[in-house]
Amino acid sequence: MSEKSENPARHAVSTAPAAEHALATAPAAEAAEPAVEAAAVPAPARARARREPMFPDGPAPDPAGSHHERRIRSFQPRRSRVTTGQGEALRRLWPVWGLDIDGLSRIDLGELFGDPKLPVVLEIGFGMGEATAAMAAADPGTGILACDVHTPGQGNLLALAERNGLENVRVANGDAIILLREMLAPDSLAGLRVYFPDPWPKKRHHKRRLIQPEFLALAATRLAPGALLHCATDWEPYAEQMLEVLTASPDFENTQADGGFAPRPDFRPLTRFEGQGLEKGHAVRDLLFRRRG
Ligand SMILES: C[S@@+](CC[C@H](N)C(=O)[O-])C[C@H]1O[C@@H](n2cnc3c(N)ncnc32)[C@H](O)[C@@H]1O
């Protein structure tokens, strides 16, 4: 990914409202990466005033604001720790390759990626983005719209994309539900990836899990017929829930003839959270479903 003077993300959005659905809202397990306090990021020329954003041209703290407030979120706001390199990438590359999910505009994916024919997949919850960057490098013919609320991860992915010359990654900041519901056109996605979503193990938190019937109904409208929905988790009860709700969904069909989990596909690299789960002895489950149509 190279730095350009114009931000395709700024031009790829129109003000046409796209609201069609309603859904509840995000935890983000802390990514274990060496980080320094935000204060270690090179200071701007003058000290920041109270409430002044750390990255004035970077990801907005709450892009959708109160006009799209959702009561139940699948992520939890975290105090962000940003390394020097991540901060530098955010300052320099966010205005070029970043996109705030404000829920106010519709995205033209062709314009966003500079190629109207490029198939685009949405990845929800890329964490630190290593797997995203690896998949983008392995498949330059597919655009990846990578969405998360985790500021250090956004900086990390931008830096990885630039370092590896990836032209096919865009980074979206905010709640994926609002992105799907308000900003993406029907049938516009060639695929959806949800790798190791927050498991929300406590019963009272299960309502925060992302993979639920309402989410699937919304996602199905944004996926093109035949598009692949790929989920993976190391949390067995969540894996069972995913299989149950996906199997029950009228919008998706299992790619596995036996109706069960899929073997891990070669194209999915090991993710950071997956590595942590494997170290704890967890079994990893992949689910590969296709949008009917
Ligand atoms: C457990 S982490 C997994 C990260 C990465 N996929 C991996 O396997 O290493 C889940 C990520 O999903 C993000 N997330 C959860 N709900 C989200 C939502 N509604 N919109 C955007 N990101 C979300 C969290 O911020 C967190 O970074």
# chains A, B, ... in the order shown; residues from 1 in each chain; ligands from 1
>>> residues_around(residues="range 255-261 of chain A", least_positions_apart="2", cutoff="7 Å", atoms="only C-alpha atoms", output="list in words")
Glu253, Pro263, Arg285, Asp286, Leu287, Leu288, Phe289 and Arg290 of chain A
>>> residues_near_ligand(ligand="ligand 1", cutoff="9 Å", atoms="only C-alpha atoms and all ligand atoms", output="PyMOL selection string")
chain A and resi 25-31+73-78+123-132+146-151+153+172-179+193-199+208-210+232-233+270-276
>>> closest_residue(among="A:Ala248, A:Ile211, A:Met183, A:Ala217", to="Leu99 in chain A", atoms="only C-alpha atoms")
A:Met183
>>> select_by_dssp(residues="range 170-247 of chain A", states="alpha helix (DSSP H)", output="PyMOL selection string")
chain A and resi 176-178+213-222+236-247
>>> closest_residue(among="A:Ala219, A:Ala64, A:Leu278, A:Ala161", to="Phe252 in chain A", atoms="only C-alpha atoms")
A:Ala219
>>> atom_distance(atom1="CA of Pro269 in chain A", atom2="CA of Glu240 in chain A")
22.1 Å
>>> residues_around(residues="Ala159 in chain A", least_positions_apart="5", cutoff="12 Å", atoms="only C-alpha atoms", output="PDB file with N, CA and C atoms, in the first residue's frame")
ATOM      1  N   MET A   1       0.858  -1.187   0.000  1.00  0.00           N
ATOM      2  CA  MET A   1       0.000   0.000   0.000  1.00  0.00           C
ATOM      3  C   MET A   1       0.893   1.236   0.000  1.00  0.00           C
ATOM      4  N   SER A   2       0.662   2.130  -0.906  1.00  0.00           N
ATOM      5  CA  SER A   2       1.480   3.319  -0.933  1.00  0.00           C
ATOM      6  C   SER A   2       0.638   4.514  -0.500  1.00  0.00           C
ATOM      7  N   GLU A   3       1.316   5.510   0.032  1.00  0.00           N
ATOM      8  CA  GLU A   3       0.583   6.690   0.474  1.00  0.00           C
ATOM      9  C   GLU A   3       0.206   7.504  -0.743  1.00  0.00           C
ATOM     10  N   THR A  83       1.519   1.998  20.043  1.00  0.00           N
ATOM     11  CA  THR A  83       2.984   2.085  19.968  1.00  0.00           C
ATOM     12  C   THR A  83       3.370   3.275  19.083  1.00  0.00           C
ATOM     13  N   THR A  84       4.631   3.606  19.145  1.00  0.00           N
ATOM     14  CA  THR A  84       5.118   4.728  18.328  1.00  0.00           C
ATOM     15  C   THR A  84       4.864   4.462  16.847  1.00  0.00           C
ATOM     16  N   GLY A  85       5.165   3.250  16.407  1.00  0.00           N
ATOM     17  CA  GLY A  85       5.001   2.910  14.989  1.00  0.00           C
ATOM     18  C   GLY A  85       3.541   2.937  14.579  1.00  0.00           C
ATOM     19  N   GLN A  86       2.659   2.427  15.455  1.00  0.00           N
ATOM     20  CA  GLN A  86       1.221   2.418  15.136  1.00  0.00           C
ATOM     21  C   GLN A  86       0.700   3.857  15.055  1.00  0.00           C
ATOM     22  N   GLY A  87       1.137   4.684  15.992  1.00  0.00           N
ATOM     23  CA  GLY A  87       0.698   6.085  16.003  1.00  0.00           C
ATOM     24  C   GLY A  87       1.151   6.814  14.749  1.00  0.00           C
ATOM     25  N   GLU A  88       2.366   6.518  14.351  1.00  0.00           N
ATOM     26  CA  GLU A  88       2.906   7.166  13.158  1.00  0.00           C
ATOM     27  C   GLU A  88       2.111   6.725  11.925  1.00  0.00           C
ATOM     28  N   ALA A  89       1.785   5.424  11.866  1.00  0.00           N
ATOM     29  CA  ALA A  89       1.003   4.910  10.729  1.00  0.00           C
ATOM     30  C   ALA A  89      -0.392   5.529  10.719  1.00  0.00           C
ATOM     31  N   LEU A  90      -0.996   5.677  11.903  1.00  0.00           N
ATOM     32  CA  LEU A  90      -2.338   6.268  11.967  1.00  0.00           C
ATOM     33  C   LEU A  90      -2.318   7.714  11.477  1.00  0.00           C
ATOM     34  N   ARG A  91      -1.333   8.462  11.944  1.00  0.00           N
ATOM     35  CA  ARG A  91      -1.274   9.880  11.536  1.00  0.00           C
ATOM     36  C   ARG A  91      -1.106  10.030  10.039  1.00  0.00           C
ATOM     37  N   ARG A  92      -0.257   9.175   9.467  1.00  0.00           N
ATOM     38  CA  ARG A  92       0.110   9.349   8.069  1.00  0.00           C
ATOM     39  C   ARG A  92      -0.862   8.636   7.121  1.00  0.00           C
ATOM     40  N   LEU A  93      -1.307   7.441   7.508  1.00  0.00           N
ATOM     41  CA  LEU A  93      -2.057   6.615   6.546  1.00  0.00           C
ATOM     42  C   LEU A  93      -3.568   6.619   6.753  1.00  0.00           C
ATOM     43  N   TRP A  94      -4.018   6.972   7.971  1.00  0.00           N
ATOM     44  CA  TRP A  94      -5.478   6.972   8.169  1.00  0.00           C
ATOM     45  C   TRP A  94      -6.190   7.902   7.190  1.00  0.00           C
ATOM     46  N   TRP A  97      -6.161   5.725   3.842  1.00  0.00           N
ATOM     47  CA  TRP A  97      -6.751   4.396   3.729  1.00  0.00           C
ATOM     48  C   TRP A  97      -7.773   4.077   4.822  1.00  0.00           C
ATOM     49  N   GLY A  98      -8.055   5.034   5.679  1.00  0.00           N
ATOM     50  CA  GLY A  98      -8.975   4.764   6.781  1.00  0.00           C
ATOM     51  C   GLY A  98     -10.373   5.289   6.504  1.00  0.00           C
ATOM     52  N   MET A 128      -5.192  -7.336  15.586  1.00  0.00           N
ATOM     53  CA  MET A 128      -3.945  -6.644  15.243  1.00  0.00           C
ATOM     54  C   MET A 128      -3.662  -6.718  13.744  1.00  0.00           C
ATOM     55  N   GLY A 129      -4.435  -7.488  13.004  1.00  0.00           N
ATOM     56  CA  GLY A 129      -4.402  -7.421  11.540  1.00  0.00           C
ATOM     57  C   GLY A 129      -3.346  -8.267  10.844  1.00  0.00           C
ATOM     58  N   GLU A 130      -2.600  -9.080  11.594  1.00  0.00           N
ATOM     59  CA  GLU A 130      -1.554  -9.876  10.920  1.00  0.00           C
ATOM     60  C   GLU A 130      -2.167 -10.853   9.920  1.00  0.00           C
ATOM     61  N   ALA A 133      -3.483  -9.006   6.816  1.00  0.00           N
ATOM     62  CA  ALA A 133      -2.409  -8.620   5.888  1.00  0.00           C
ATOM     63  C   ALA A 133      -1.914  -9.840   5.120  1.00  0.00           C
ATOM     64  N   PRO A 152      -4.945   0.513  18.260  1.00  0.00           N
ATOM     65  CA  PRO A 152      -3.596  -0.001  17.991  1.00  0.00           C
ATOM     66  C   PRO A 152      -3.585  -0.978  16.803  1.00  0.00           C
ATOM     67  N   GLY A 153      -4.635  -1.805  16.718  1.00  0.00           N
ATOM     68  CA  GLY A 153      -4.716  -2.755  15.609  1.00  0.00           C
ATOM     69  C   GLY A 153      -4.867  -2.031  14.278  1.00  0.00           C
ATOM     70  N   GLN A 154      -5.626  -0.952  14.297  1.00  0.00           N
ATOM     71  CA  GLN A 154      -5.808  -0.187  13.049  1.00  0.00           C
ATOM     72  C   GLN A 154      -4.461   0.360  12.575  1.00  0.00           C
ATOM     73  N   ASN A 164       4.154  -4.045   3.253  1.00  0.00           N
ATOM     74  CA  ASN A 164       4.073  -5.165   2.307  1.00  0.00           C
ATOM     75  C   ASN A 164       3.501  -4.752   0.951  1.00  0.00           C
ATOM     76  N   GLY A 165       3.324  -3.453   0.746  1.00  0.00           N
ATOM     77  CA  GLY A 165       2.856  -2.963  -0.550  1.00  0.00           C
ATOM     78  C   GLY A 165       1.462  -3.465  -0.903  1.00  0.00           C
ATOM     79  N   LEU A 166       0.580  -3.585   0.101  1.00  0.00           N
ATOM     80  CA  LEU A 166      -0.766  -4.119  -0.155  1.00  0.00           C
ATOM     81  C   LEU A 166      -1.693  -2.996  -0.610  1.00  0.00           C
ATOM     82  N   VAL A 169      -6.252  -3.389   0.821  1.00  0.00           N
ATOM     83  CA  VAL A 169      -6.773  -3.353   2.193  1.00  0.00           C
ATOM     84  C   VAL A 169      -7.275  -1.950   2.506  1.00  0.00           C
ATOM     85  N   ARG A 170      -8.480  -1.865   3.073  1.00  0.00           N
ATOM     86  CA  ARG A 170      -8.975  -0.604   3.620  1.00  0.00           C
ATOM     87  C   ARG A 170      -9.389  -0.883   5.055  1.00  0.00           C
ATOM     88  N   VAL A 171      -9.191   0.115   5.926  1.00  0.00           N
ATOM     89  CA  VAL A 171      -9.431  -0.102   7.348  1.00  0.00           C
ATOM     90  C   VAL A 171     -10.615   0.750   7.804  1.00  0.00           C
TER      91      VAL A 171
END
>>> residues_around(residues="Gly293 in chain A", least_positions_apart="2", cutoff="12 Å", atoms="only C-alpha atoms", output="PDB file with N, CA and C atoms, in the first residue's frame")
ATOM      1  N   ASP A 187     -26.248  -6.867  -1.490  1.00  0.00           N
ATOM      2  CA  ASP A 187     -25.510  -7.771  -2.410  1.00  0.00           C
ATOM      3  C   ASP A 187     -24.108  -7.276  -2.765  1.00  0.00           C
ATOM      4  N   ALA A 220     -26.777 -11.367   5.492  1.00  0.00           N
ATOM      5  CA  ALA A 220     -27.213 -12.019   4.248  1.00  0.00           C
ATOM      6  C   ALA A 220     -27.643 -10.998   3.204  1.00  0.00           C
ATOM      7  N   THR A 221     -28.238  -9.892   3.658  1.00  0.00           N
ATOM      8  CA  THR A 221     -28.703  -8.894   2.688  1.00  0.00           C
ATOM      9  C   THR A 221     -27.539  -8.172   2.016  1.00  0.00           C
ATOM     10  N   LEU A 223     -24.487  -9.601   1.486  1.00  0.00           N
ATOM     11  CA  LEU A 223     -23.672 -10.562   0.734  1.00  0.00           C
ATOM     12  C   LEU A 223     -24.331 -10.866  -0.601  1.00  0.00           C
ATOM     13  N   ALA A 224     -23.504 -11.024  -1.612  1.00  0.00           N
ATOM     14  CA  ALA A 224     -24.030 -11.444  -2.915  1.00  0.00           C
ATOM     15  C   ALA A 224     -24.452 -12.909  -2.819  1.00  0.00           C
ATOM     16  N   PRO A 225     -25.438 -13.313  -3.615  1.00  0.00           N
ATOM     17  CA  PRO A 225     -25.812 -14.734  -3.605  1.00  0.00           C
ATOM     18  C   PRO A 225     -24.581 -15.599  -3.901  1.00  0.00           C
ATOM     19  N   GLY A 226     -24.419 -16.639  -3.132  1.00  0.00           N
ATOM     20  CA  GLY A 226     -23.276 -17.535  -3.328  1.00  0.00           C
ATOM     21  C   GLY A 226     -22.032 -17.125  -2.544  1.00  0.00           C
ATOM     22  N   ALA A 227     -22.061 -15.925  -1.942  1.00  0.00           N
ATOM     23  CA  ALA A 227     -20.879 -15.450  -1.204  1.00  0.00           C
ATOM     24  C   ALA A 227     -20.660 -16.293   0.050  1.00  0.00           C
ATOM     25  N   LEU A 228     -19.405 -16.396   0.430  1.00  0.00           N
ATOM     26  CA  LEU A 228     -19.025 -17.262   1.554  1.00  0.00           C
ATOM     27  C   LEU A 228     -18.987 -16.489   2.868  1.00  0.00           C
ATOM     28  N   PRO A 250     -32.431 -19.339   7.220  1.00  0.00           N
ATOM     29  CA  PRO A 250     -32.932 -19.640   5.876  1.00  0.00           C
ATOM     30  C   PRO A 250     -32.049 -19.030   4.789  1.00  0.00           C
ATOM     31  N   ASP A 251     -31.122 -18.146   5.188  1.00  0.00           N
ATOM     32  CA  ASP A 251     -30.330 -17.400   4.203  1.00  0.00           C
ATOM     33  C   ASP A 251     -29.004 -18.070   3.844  1.00  0.00           C
ATOM     34  N   PHE A 252     -28.606 -19.086   4.637  1.00  0.00           N
ATOM     35  CA  PHE A 252     -27.286 -19.687   4.414  1.00  0.00           C
ATOM     36  C   PHE A 252     -27.393 -21.200   4.288  1.00  0.00           C
ATOM     37  N   GLU A 253     -26.428 -21.765   3.540  1.00  0.00           N
ATOM     38  CA  GLU A 253     -26.348 -23.229   3.495  1.00  0.00           C
ATOM     39  C   GLU A 253     -24.922 -23.652   3.814  1.00  0.00           C
ATOM     40  N   ARG A 290     -22.567 -20.686   2.788  1.00  0.00           N
ATOM     41  CA  ARG A 290     -22.774 -19.898   1.582  1.00  0.00           C
ATOM     42  C   ARG A 290     -24.123 -19.190   1.645  1.00  0.00           C
ATOM     43  N   ARG A 291     -24.132 -17.944   1.166  1.00  0.00           N
ATOM     44  CA  ARG A 291     -25.435 -17.276   1.086  1.00  0.00           C
ATOM     45  C   ARG A 291     -26.262 -17.929  -0.014  1.00  0.00           C
TER      46      ARG A 291
END
